[in-house]
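Data from work-v3.cif: mmCIF, C-alpha atoms
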```cif
data_query
#
loop_
_atom_site.label_atom_id
_atom_site.label_comp_id
_atom_site.auth_asym_id
_atom_site.auth_seq_id
_atom_site.Cartn_x
_atom_site.Cartn_y
_atom_site.Cartn_z
CA MET A 1 116.75 92.33 102.98
CA THR A 2 119.49 94.84 102.51
CA ASP A 3 120.29 96.49 99.19
CA PHE A 4 116.99 95.32 97.70
CA THR A 5 116.49 96.24 94.06
CA SER A 6 113.04 95.62 92.67
CA PHE A 7 112.58 94.47 89.10
CA MET A 8 108.83 95.02 89.24
CA ASP A 9 109.20 97.91 86.77
CA VAL A 10 110.30 95.38 84.13
CA ALA A 11 107.27 93.21 84.93
CA LEU A 12 104.99 96.27 84.75
CA ASN A 13 106.37 97.11 81.29
CA GLU A 14 105.59 93.55 80.19
CA ALA A 15 102.06 93.93 81.60
CA LYS A 16 101.57 97.14 79.60
CA ALA A 17 102.77 95.38 76.45
CA ALA A 18 100.34 92.52 77.14
CA ALA A 19 97.47 95.00 77.46
CA ALA A 20 98.46 96.59 74.15
CA ARG A 21 98.14 93.12 72.56
CA GLY A 22 94.66 92.72 74.07
CA GLU A 23 95.86 90.32 76.75
CA VAL A 24 95.09 90.62 80.45
CA PRO A 25 97.89 92.94 81.64
CA VAL A 26 100.10 90.64 83.66
CA GLY A 27 103.86 90.75 83.33
CA SER A 28 106.65 88.73 84.87
CA VAL A 29 110.42 88.62 85.06
CA ILE A 30 112.99 86.17 86.44
CA VAL A 31 116.19 87.58 87.89
CA GLN A 32 119.41 85.86 88.93
CA ALA A 33 122.20 87.74 90.71
CA GLY A 34 120.73 91.10 89.67
CA LYS A 35 120.47 90.13 85.99
CA VAL A 36 117.22 89.66 84.07
CA ILE A 37 117.16 86.10 82.73
CA ALA A 38 113.69 86.14 81.15
CA GLN A 39 110.71 88.47 80.88
CA ALA A 40 107.24 88.06 79.42
CA GLY A 41 103.65 89.18 79.51
CA ASN A 42 100.50 87.12 79.13
CA ARG A 43 100.04 85.56 75.69
CA THR A 44 97.08 83.22 76.18
CA ARG A 45 95.02 84.72 73.35
CA GLU A 46 97.91 85.21 70.96
CA LEU A 47 99.23 81.66 71.38
CA LYS A 48 95.76 80.13 71.87
CA ASP A 49 97.23 78.48 74.96
CA PRO A 50 95.50 78.73 78.34
CA THR A 51 98.83 78.00 80.06
CA ALA A 52 100.64 80.95 78.43
CA HIS A 53 100.50 83.05 81.59
CA ALA A 54 103.40 85.46 82.08
CA GLU A 55 104.87 83.34 84.88
CA MET A 56 104.75 80.13 82.86
CA LEU A 57 106.45 81.81 79.91
CA VAL A 58 109.32 83.22 81.99
CA ILE A 59 109.80 79.97 83.89
CA ARG A 60 110.02 78.06 80.60
CA ALA A 61 112.49 80.58 79.15
CA ALA A 62 114.66 80.65 82.27
CA CYS A 63 114.73 76.86 82.49
CA ALA A 64 115.73 76.66 78.82
CA THR A 65 118.74 78.82 79.71
CA LEU A 66 119.63 77.64 83.22
CA GLY A 67 118.17 74.13 83.56
CA GLU A 68 115.18 72.51 85.21
CA ARG A 69 115.62 74.13 88.62
CA LEU A 70 115.98 77.84 89.40
CA PRO A 71 117.07 77.92 93.08
CA GLU A 72 119.13 81.09 92.72
CA CYS A 73 116.38 82.99 90.90
CA ASP A 74 113.70 85.44 91.94
CA LEU A 75 110.35 85.82 90.18
CA TYR A 76 108.55 89.17 89.93
CA VAL A 77 104.94 89.19 88.73
CA THR A 78 102.35 91.96 88.63
CA LEU A 79 99.46 89.80 89.89
CA GLU A 80 99.28 87.14 92.58
CA PRO A 81 99.93 83.83 90.79
CA CYS A 82 97.05 81.48 90.08
CA PRO A 83 97.34 77.91 91.42
CA MET A 84 98.94 76.68 88.16
CA CYS A 85 101.63 79.35 88.21
CA ALA A 86 102.21 78.99 91.95
CA ALA A 87 102.76 75.25 91.47
CA ALA A 88 105.16 75.83 88.57
CA THR A 89 107.08 78.32 90.72
CA SER A 90 107.40 75.66 93.42
CA PHE A 91 108.40 72.91 90.97
CA ALA A 92 111.10 75.18 89.52
CA ARG A 93 112.42 75.74 93.07
CA ILE A 94 112.41 79.52 92.63
CA ARG A 95 113.98 81.21 95.65
CA ARG A 96 111.77 84.29 96.04
CA LEU A 97 108.44 85.37 94.61
CA TYR A 98 107.49 89.05 94.54
CA TYR A 99 104.03 90.01 93.37
CA ALA A 100 102.23 93.32 93.07
CA ALA A 101 98.44 93.02 93.25
CA SER A 102 96.45 90.40 95.12
CA ASP A 103 93.95 88.38 93.09
CA PRO A 104 90.83 87.65 95.18
CA LYS A 105 89.17 85.86 92.25
CA SER A 106 91.91 83.51 91.00
CA GLY A 107 94.94 83.83 93.27
CA GLY A 108 96.63 80.72 94.60
CA LEU A 109 98.69 82.14 97.48
CA GLU A 110 96.64 84.43 99.70
CA GLN A 111 93.33 83.40 98.18
CA GLY A 112 91.80 80.11 97.09
CA PRO A 113 93.93 77.05 97.70
CA ARG A 114 96.83 78.85 99.43
CA LEU A 115 99.12 76.39 97.72
CA TYR A 116 102.26 77.00 99.73
CA SER A 117 100.55 76.19 103.03
CA HIS A 118 99.84 72.58 102.00
CA PRO A 119 102.10 69.84 103.38
CA GLN A 120 102.25 68.35 99.86
CA CYS A 121 104.07 71.45 98.64
CA HIS A 122 107.71 70.34 98.52
CA HIS A 123 109.24 73.77 97.99
CA THR A 124 107.96 77.10 99.22
CA PRO A 125 109.64 80.24 97.93
CA GLU A 126 109.91 83.30 100.12
CA VAL A 127 106.85 85.36 99.18
CA TYR A 128 106.54 89.14 99.23
CA GLY A 129 103.25 90.73 98.16
CA GLY A 130 102.27 94.32 97.50
CA VAL A 131 105.39 95.39 95.57
CA SER A 132 104.21 98.24 93.27
CA GLU A 133 100.63 97.20 94.03
CA ALA A 134 98.99 100.51 93.08
CA ALA A 135 100.57 100.56 89.61
CA ALA A 136 99.63 96.95 88.85
CA SER A 137 96.09 97.33 90.21
CA GLY A 138 95.62 100.46 88.14
CA LEU A 139 96.64 98.67 84.95
CA LEU A 140 94.20 95.85 85.62
CA LYS A 141 91.32 98.15 86.56
CA ASP A 142 91.82 100.32 83.48
CA PHE A 143 92.04 97.28 81.22
CA PHE A 144 88.83 95.71 82.48
CA LYS A 145 86.98 99.04 82.60
CA GLY A 146 87.84 99.48 78.93
CA ARG A 147 86.53 95.99 78.14
CA ARG A 148 83.20 96.66 79.85
CA GLY A 149 82.78 99.87 77.87
#
```

Please, can you express the file's structure as structure tokens?
Amino acid sequence: MTDFTSFMDVALNEAKAAAARGEVPVGSVIVQAGKVIAQAGNRTRELKDPTAHAEMLVIRAACATLGERLPECDLYVTLEPCPMCAAATSFARIRRLYYAASDPKSGGLEQGPRLYSHPQCHHTPEVYGGVSEAAASGLLKDFFKGRRG
């Protein structure tokens, strides 16, 4: 890709805000034509909603603005999406997915079900991992170290 501009810094800021709220520090942003359409951090505890992952929140917000499908949009997220979020990304027809840190415990792309490799997956976004990985991994490690005491 030429002239690539990453929006992972926006997602990282959302992850930091999520951590400040006591949420697992995951942030996400949806971009269309170089413009941020939606951004969010995890809010599962705050909303008492197990589906309120950062990716789900930005997909919902972007669809409310642009419609049910997001084929001209790119999704940035600080952690490899879980199977639920990976499926939602596919259903929304998102063009590209950029993620920072891999998630060996709950990831749905490189780990676990490897959702996009299944023939039942009707849309597979272009996937790019490791974007700002050190920063995202550091946030997660610090958060969980603080929780363990």

*Got a sec: who's within 6 Å of Cys73 of chain A, counting only C-alpha atoms, leaving out chain neighbours fewer than 3 positions off, as a count of residues only?*
5

Enumerate, in order of chain and increasing residue number, the residues of segment 100-146 of chain A with an atom no farther than 10 Å from segment 74-83 of chain A, each with its shortest atom pair and distance in Å to one decimal, counting all atoms listed in the file, as a Markdown table.
```
| residue | atom | partner | partner_atom | distance |
| --- | --- | --- | --- | --- |
| A:Ala100 | CA | A:Thr78 | CA | 4.6 |
| A:Ala101 | CA | A:Leu79 | CA | 4.8 |
| A:Ser102 | CA | A:Glu80 | CA | 5.0 |
| A:Asp103 | CA | A:Glu80 | CA | 5.5 |
| A:Pro104 | CA | A:Glu80 | CA | 8.9 |
| A:Lys105 | CA | A:Cys82 | CA | 9.3 |
| A:Ser106 | CA | A:Cys82 | CA | 5.6 |
| A:Gly107 | CA | A:Cys82 | CA | 4.5 |
| A:Gly108 | CA | A:Pro83 | CA | 4.3 |
| A:Leu109 | CA | A:Pro81 | CA | 7.0 |
| A:Glu110 | CA | A:Glu80 | CA | 8.1 |
| A:Gln111 | CA | A:Glu80 | CA | 9.0 |
| A:Gly112 | CA | A:Pro83 | CA | 8.2 |
| A:Pro113 | CA | A:Pro83 | CA | 7.2 |
| A:Arg114 | CA | A:Pro83 | CA | 8.1 |
| A:Leu115 | CA | A:Pro83 | CA | 6.7 |
| A:Tyr116 | CA | A:Pro83 | CA | 9.7 |
| A:Pro125 | CA | A:Asp74 | CA | 8.9 |
| A:Glu126 | CA | A:Asp74 | CA | 9.3 |
| A:Val127 | CA | A:Leu75 | CA | 9.7 |
| A:Tyr128 | CA | A:Tyr76 | CA | 9.5 |
| A:Gly129 | CA | A:Glu80 | CA | 7.7 |
| A:Gly130 | CA | A:Thr78 | CA | 9.2 |
| A:Val131 | CA | A:Thr78 | CA | 8.3 |
| A:Ser132 | CA | A:Thr78 | CA | 8.0 |
| A:Glu133 | CA | A:Thr78 | CA | 7.7 |
| A:Ala135 | CA | A:Thr78 | CA | 8.8 |
| A:Ala136 | CA | A:Thr78 | CA | 5.7 |
| A:Ser137 | CA | A:Leu79 | CA | 8.3 |
| A:Leu139 | CA | A:Thr78 | CA | 9.5 |
| A:Leu140 | CA | A:Leu79 | CA | 9.1 |
```

*Rank A:Ala134, A:Leu57, A:Leu97, A:Glu46 by their smallest atom-to-atom distance to Ala19 of chain A, using all atoms listed in the file, and report the top residue only.*
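Result for the nearest residue to Ala19 of chain A: A:Glu46.
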
If we count only C-alpha atoms and set the cut-off at 9 Å, which residues sit around Ala88 of chain A, ignoring sequence neighbours fewer than 4 positions away in its own chain? Please answer as a compact mmCIF listing (two decimals) with C-alpha atoms, in the coordinates of the input.
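Output (out-v3.txt):
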```
# COMPACT_ATOMS: atom_id res chain seq x y z
CA GLU A 55 104.87 83.34 84.88
CA MET A 56 104.75 80.13 82.86
CA ILE A 59 109.80 79.97 83.89
CA PRO A 83 97.34 77.91 91.42
CA MET A 84 98.94 76.68 88.16
CA ALA A 92 111.10 75.18 89.52
CA ARG A 93 112.42 75.74 93.07
```

*Could you jot down the atom CA of Ser90 of chain A to atom CA of Thr124 of chain A separation for me, Å, one decimal place?*
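Interatomic distance here is 6.0 Å.
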
_Å distance separating atom CA of Leu66 of chain A from atom CA of Gly34 of chain A, one decimal place_ = 15.0 Å

*Find the residue from A:Asp142, A:Glu14, A:Glu23, A:Asp9 that sits nearest to Val58 of chain A; use all atoms listed in the file when measuring.*
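Residue with the minimum atom-to-atom distance to Val58 of chain A: A:Glu14.
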
Determine the axis-aligned bounding box of all atoms of segment 123-141 of chain A present in the file, pad each side by 3 Å, and express its centre and edge lengths in Å to one decimal place as JSON.
```
{"center_x": 100.6, "center_y": 87.2, "center_z": 92.5, "size_x": 24.6, "size_y": 32.8, "size_z": 21.2}
```

_Separation of atom CA of Lys16 of chain A from atom CA of Ala62 of chain A in Å_ =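 One can read the atom CA of Ala62 of chain A to atom CA of Lys16 of chain A distance as 21.2 Å.
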
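Here the question is which of A:Thr5, A:Gln120, A:Thr89, A:Asn13 gets nearest to Gly41 of chain A using only C-alpha atoms, and that residue is A:Asn13.
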
Matched chain/residue IDs from the PyMOL selection byres ((chain A and resi 21) around 12), as a short mmCIF file (atom, residue, chain, number, x, y, z; two decimals) with C-alpha atoms, in the frame of the given file:
```cif
data_model
loop_
_atom_site.label_atom_id
_atom_site.label_comp_id
_atom_site.auth_asym_id
_atom_site.auth_seq_id
_atom_site.Cartn_x
_atom_site.Cartn_y
_atom_site.Cartn_z
CA GLU A 14 105.59 93.55 80.19
CA ALA A 15 102.06 93.93 81.60
CA LYS A 16 101.57 97.14 79.60
CA ALA A 17 102.77 95.38 76.45
CA ALA A 18 100.34 92.52 77.14
CA ALA A 19 97.47 95.00 77.46
CA ALA A 20 98.46 96.59 74.15
CA GLY A 22 94.66 92.72 74.07
CA GLU A 23 95.86 90.32 76.75
CA VAL A 24 95.09 90.62 80.45
CA PRO A 25 97.89 92.94 81.64
CA VAL A 26 100.10 90.64 83.66
CA GLY A 41 103.65 89.18 79.51
CA ASN A 42 100.50 87.12 79.13
CA ARG A 43 100.04 85.56 75.69
CA THR A 44 97.08 83.22 76.18
CA ARG A 45 95.02 84.72 73.35
CA GLU A 46 97.91 85.21 70.96
CA LEU A 47 99.23 81.66 71.38
CA PHE A 143 92.04 97.28 81.22
#
```

*In terms of the shortest atom-to-atom distance over all atoms listed in the file, which of A:Ile30, A:Val10, A:Cys121, A:Cys85 is closest to Ala61 of chain A?*
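Closest to Ala61 of chain A, using all atoms listed in the file: A:Ile30.
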
Would you mind putting back all heavy atoms on segment 66-77 of chain A, then writing it out as a tab-separated table (two decimals), in the frame of the given file?
```tsv
chain	number	residue	atom	x	y	z
A	66	LEU	N	118.90	78.02	82.01
A	66	LEU	CA	119.63	77.64	83.22
A	66	LEU	C	119.44	76.18	83.66
A	66	LEU	O	120.18	75.71	84.51
A	66	LEU	CB	119.20	78.55	84.38
A	66	LEU	CG	119.44	80.03	84.18
A	66	LEU	CD1	118.82	80.83	85.32
A	66	LEU	CD2	120.93	80.32	84.05
A	67	GLY	N	118.44	75.51	83.14
A	67	GLY	CA	118.17	74.13	83.56
A	67	GLY	C	116.84	74.04	84.28
A	67	GLY	O	116.15	75.03	84.52
A	68	GLU	N	116.50	72.82	84.67
A	68	GLU	CA	115.18	72.51	85.21
A	68	GLU	C	114.85	73.20	86.53
A	68	GLU	O	113.69	73.44	86.83
A	68	GLU	CB	115.10	70.99	85.39
A	68	GLU	CG	113.86	70.46	86.02
A	68	GLU	CD	113.92	68.97	86.25
A	68	GLU	OE1	114.97	68.35	85.99
A	68	GLU	OE2	112.91	68.44	86.71
A	69	ARG	N	115.83	73.50	87.32
A	69	ARG	CA	115.62	74.13	88.62
A	69	ARG	C	116.23	75.54	88.63
A	69	ARG	O	117.27	75.77	88.03
A	69	ARG	CB	116.26	73.30	89.74
A	69	ARG	CG	115.77	71.87	89.79
A	69	ARG	CD	114.47	71.78	90.57
A	69	ARG	NE	114.13	70.39	90.85
A	69	ARG	CZ	113.15	69.73	90.27
A	69	ARG	NH1	112.42	70.32	89.35
A	69	ARG	NH2	112.87	68.49	90.61
A	70	LEU	N	115.57	76.44	89.36
A	70	LEU	CA	115.98	77.84	89.40
A	70	LEU	C	116.17	78.31	90.85
A	70	LEU	O	115.62	79.33	91.26
A	70	LEU	CB	114.93	78.70	88.69
A	70	LEU	CG	114.58	78.30	87.26
A	70	LEU	CD1	113.37	79.06	86.76
A	70	LEU	CD2	115.77	78.49	86.34
A	71	PRO	N	116.97	77.61	91.65
A	71	PRO	CA	117.07	77.92	93.08
A	71	PRO	C	117.75	79.23	93.42
A	71	PRO	O	117.61	79.73	94.54
A	71	PRO	CB	117.87	76.74	93.64
A	71	PRO	CG	118.72	76.30	92.49
A	71	PRO	CD	117.85	76.50	91.27
A	72	GLU	N	118.45	79.81	92.49
A	72	GLU	CA	119.13	81.09	92.72
A	72	GLU	C	118.38	82.24	92.07
A	72	GLU	O	118.91	83.35	91.95
A	72	GLU	CB	120.56	81.04	92.17
A	72	GLU	CG	121.41	79.94	92.78
A	72	GLU	CD	121.61	80.13	94.28
A	72	GLU	OE1	121.81	81.28	94.71
A	72	GLU	OE2	121.54	79.12	95.02
A	73	CYS	N	117.14	81.99	91.65
A	73	CYS	CA	116.38	82.99	90.90
A	73	CYS	C	115.21	83.54	91.70
A	73	CYS	O	114.64	82.86	92.56
A	73	CYS	CB	115.85	82.37	89.61
A	73	CYS	SG	117.15	81.95	88.44
A	74	ASP	N	114.85	84.77	91.37
A	74	ASP	CA	113.70	85.44	91.94
A	74	ASP	C	112.71	85.73	90.82
A	74	ASP	O	113.10	86.08	89.71
A	74	ASP	CB	114.10	86.76	92.60
A	74	ASP	CG	115.09	86.56	93.75
A	74	ASP	OD1	115.10	85.47	94.35
A	74	ASP	OD2	115.85	87.50	94.04
A	75	LEU	N	111.44	85.58	91.13
A	75	LEU	CA	110.35	85.82	90.18
A	75	LEU	C	109.57	87.05	90.63
A	75	LEU	O	109.18	87.15	91.78
A	75	LEU	CB	109.42	84.61	90.14
A	75	LEU	CG	108.12	84.74	89.35
A	75	LEU	CD1	108.40	84.89	87.86
A	75	LEU	CD2	107.23	83.53	89.60
A	76	TYR	N	109.37	87.98	89.71
A	76	TYR	CA	108.55	89.17	89.93
A	76	TYR	C	107.34	89.05	89.00
A	76	TYR	O	107.50	88.78	87.81
A	76	TYR	CB	109.31	90.45	89.56
A	76	TYR	CG	110.45	90.76	90.48
A	76	TYR	CD1	111.68	90.11	90.33
A	76	TYR	CD2	110.31	91.69	91.50
A	76	TYR	CE1	112.73	90.39	91.18
A	76	TYR	CE2	111.37	91.98	92.35
A	76	TYR	CZ	112.57	91.32	92.19
A	76	TYR	OH	113.62	91.60	93.03
A	77	VAL	N	106.15	89.27	89.54
A	77	VAL	CA	104.94	89.19	88.73
A	77	VAL	C	103.95	90.25	89.21
A	77	VAL	O	103.88	90.54	90.41
A	77	VAL	CB	104.34	87.77	88.73
A	77	VAL	CG1	103.92	87.34	90.12
A	77	VAL	CG2	103.20	87.63	87.74
```
